[in-house]
Amino acid sequence: MDTILILAGLAVLIAVVALIASARRRSAGEAPAEAAVAQSAPAPEAFAPAVEPGIDPSVAAAIAAAIAAFDGGSKALVVRSIRRASGWTRAARAEQVYRF
């Protein structure tokens, strides 16, 4: 009996929240989603990162897209350079930092 009462209460609460949200949308006169996207921040100017010779441009594009996806569009991130890092350099650094 308690479970049924709790589920009914949750259903009523969900309905009230949905009604309030729809009333706010109607009173605010929201524009369609396309218009909201068009009014958002202007697109940043094109910027080509300094890519080390031998790195495919599609790899640079994939790295930039991954960084943009990680950020979620909240900040304007810029990839300034892309270069290869040696695994030996990373191993030497780890050896110096994490000795014990």
# chains A, B, ... in the order shown; residues from 1 in each chain; ligands from 1
>>> residues_around(residues="Arg83 of chain A", least_positions_apart="2", cutoff="12 Å", atoms="only C-alpha atoms", output="PDB file with N, CA and C atoms, in the first residue's frame")
ATOM      1  N   PRO A  49      45.769  25.324 -36.285  1.00  0.00           N
ATOM      2  CA  PRO A  49      46.833  25.084 -35.322  1.00  0.00           C
ATOM      3  C   PRO A  49      48.153  24.771 -36.019  1.00  0.00           C
ATOM      4  N   ALA A  50      49.233  25.055 -35.320  1.00  0.00           N
ATOM      5  CA  ALA A  50      50.558  24.723 -35.839  1.00  0.00           C
ATOM      6  C   ALA A  50      50.743  23.221 -35.698  1.00  0.00           C
ATOM      7  N   VAL A  51      50.735  22.521 -36.809  1.00  0.00           N
ATOM      8  CA  VAL A  51      50.822  21.064 -36.805  1.00  0.00           C
ATOM      9  C   VAL A  51      52.212  20.653 -37.246  1.00  0.00           C
ATOM     10  N   GLU A  52      52.796  19.749 -36.484  1.00  0.00           N
ATOM     11  CA  GLU A  52      54.129  19.240 -36.804  1.00  0.00           C
ATOM     12  C   GLU A  52      54.090  18.496 -38.135  1.00  0.00           C
ATOM     13  N   PRO A  53      55.120  18.635 -38.964  1.00  0.00           N
ATOM     14  CA  PRO A  53      55.131  17.895 -40.237  1.00  0.00           C
ATOM     15  C   PRO A  53      55.011  16.393 -39.990  1.00  0.00           C
ATOM     16  N   GLY A  54      54.237  15.742 -40.829  1.00  0.00           N
ATOM     17  CA  GLY A  54      54.050  14.309 -40.706  1.00  0.00           C
ATOM     18  C   GLY A  54      52.757  13.931 -40.001  1.00  0.00           C
ATOM     19  N   ILE A  55      52.054  14.911 -39.444  1.00  0.00           N
ATOM     20  CA  ILE A  55      50.766  14.643 -38.798  1.00  0.00           C
ATOM     21  C   ILE A  55      49.667  14.974 -39.796  1.00  0.00           C
ATOM     22  N   ASP A  56      48.811  14.017 -40.049  1.00  0.00           N
ATOM     23  CA  ASP A  56      47.725  14.170 -41.010  1.00  0.00           C
ATOM     24  C   ASP A  56      46.744  15.250 -40.545  1.00  0.00           C
ATOM     25  N   VAL A  59      43.892  14.077 -38.477  1.00  0.00           N
ATOM     26  CA  VAL A  59      44.196  13.799 -37.077  1.00  0.00           C
ATOM     27  C   VAL A  59      44.079  15.082 -36.259  1.00  0.00           C
ATOM     28  N   ALA A  60      44.564  16.183 -36.816  1.00  0.00           N
ATOM     29  CA  ALA A  60      44.444  17.469 -36.137  1.00  0.00           C
ATOM     30  C   ALA A  60      42.981  17.846 -35.961  1.00  0.00           C
ATOM     31  N   ILE A  63      41.487  15.697 -33.161  1.00  0.00           N
ATOM     32  CA  ILE A  63      41.922  16.152 -31.837  1.00  0.00           C
ATOM     33  C   ILE A  63      41.141  17.401 -31.436  1.00  0.00           C
ATOM     34  N   VAL A  79      43.045  25.179 -30.136  1.00  0.00           N
ATOM     35  CA  VAL A  79      44.211  24.297 -30.228  1.00  0.00           C
ATOM     36  C   VAL A  79      45.307  25.099 -30.916  1.00  0.00           C
ATOM     37  N   ARG A  80      46.373  25.390 -30.186  1.00  0.00           N
ATOM     38  CA  ARG A  80      47.430  26.231 -30.737  1.00  0.00           C
ATOM     39  C   ARG A  80      48.488  25.423 -31.487  1.00  0.00           C
ATOM     40  N   SER A  81      48.802  24.241 -31.007  1.00  0.00           N
ATOM     41  CA  SER A  81      49.795  23.426 -31.703  1.00  0.00           C
ATOM     42  C   SER A  81      49.557  21.954 -31.406  1.00  0.00           C
ATOM     43  N   ALA A  85      54.700  13.447 -29.117  1.00  0.00           N
ATOM     44  CA  ALA A  85      55.430  13.318 -27.860  1.00  0.00           C
ATOM     45  C   ALA A  85      56.011  11.918 -27.798  1.00  0.00           C
ATOM     46  N   SER A  86      57.247  11.847 -27.454  1.00  0.00           N
ATOM     47  CA  SER A  86      57.927  10.561 -27.370  1.00  0.00           C
ATOM     48  C   SER A  86      57.497   9.829 -26.104  1.00  0.00           C
TER      49      SER A  86
END
>>> atom_distance(atom1="atom CA of Ile4 of chain A", atom2="atom CA of Val16 of chain A")
18.4 Å
>>> decode(residues="segment 66-78 of chain A", atoms="N, CA and C atoms", output="mmCIF file, in the first residue's frame")
data_model
loop_
_atom_site.group_PDB
_atom_site.id
_atom_site.type_symbol
_atom_site.label_atom_id
_atom_site.label_comp_id
_atom_site.auth_asym_id
_atom_site.auth_seq_id
_atom_site.Cartn_x
_atom_site.Cartn_y
_atom_site.Cartn_z
ATOM 1 N N ALA A 66 37.587 16.426 -30.552
ATOM 2 C CA ALA A 66 37.510 15.746 -29.257
ATOM 3 C C ALA A 66 37.592 16.748 -28.114
ATOM 4 N N ILE A 67 38.446 17.740 -28.249
ATOM 5 C CA ILE A 67 38.562 18.765 -27.206
ATOM 6 C C ILE A 67 37.275 19.577 -27.125
ATOM 7 N N ALA A 68 36.700 19.925 -28.269
ATOM 8 C CA ALA A 68 35.446 20.682 -28.276
ATOM 9 C C ALA A 68 34.307 19.861 -27.674
ATOM 10 N N ALA A 69 34.278 18.561 -27.949
ATOM 11 C CA ALA A 69 33.232 17.703 -27.394
ATOM 12 C C ALA A 69 33.410 17.541 -25.892
ATOM 13 N N PHE A 70 34.636 17.469 -25.431
ATOM 14 C CA PHE A 70 34.912 17.331 -24.003
ATOM 15 C C PHE A 70 34.437 18.570 -23.256
ATOM 16 N N ASP A 71 34.638 19.742 -23.839
ATOM 17 C CA ASP A 71 34.263 21.001 -23.197
ATOM 18 C C ASP A 71 32.762 21.186 -23.184
ATOM 19 N N GLY A 72 32.065 20.712 -24.180
ATOM 20 C CA GLY A 72 30.623 20.873 -24.244
ATOM 21 C C GLY A 72 30.181 22.221 -24.771
ATOM 22 N N GLY A 73 31.081 23.018 -25.278
ATOM 23 C CA GLY A 73 30.719 24.294 -25.871
ATOM 24 C C GLY A 73 30.577 25.421 -24.865
ATOM 25 N N SER A 74 30.989 25.227 -23.609
ATOM 26 C CA SER A 74 30.835 26.289 -22.622
ATOM 27 C C SER A 74 31.952 27.330 -22.719
ATOM 28 N N LYS A 75 33.083 26.951 -23.265
ATOM 29 C CA LYS A 75 34.204 27.879 -23.406
ATOM 30 C C LYS A 75 34.698 27.843 -24.843
ATOM 31 N N ALA A 76 35.351 28.904 -25.239
ATOM 32 C CA ALA A 76 35.957 28.938 -26.575
ATOM 33 C C ALA A 76 37.396 28.454 -26.448
ATOM 34 N N LEU A 77 37.607 27.170 -26.685
ATOM 35 C CA LEU A 77 38.951 26.599 -26.602
ATOM 36 C C LEU A 77 39.618 26.658 -27.960
ATOM 37 N N VAL A 78 40.934 26.869 -27.954
ATOM 38 C CA VAL A 78 41.695 26.963 -29.195
ATOM 39 C C VAL A 78 42.877 25.997 -29.108
#
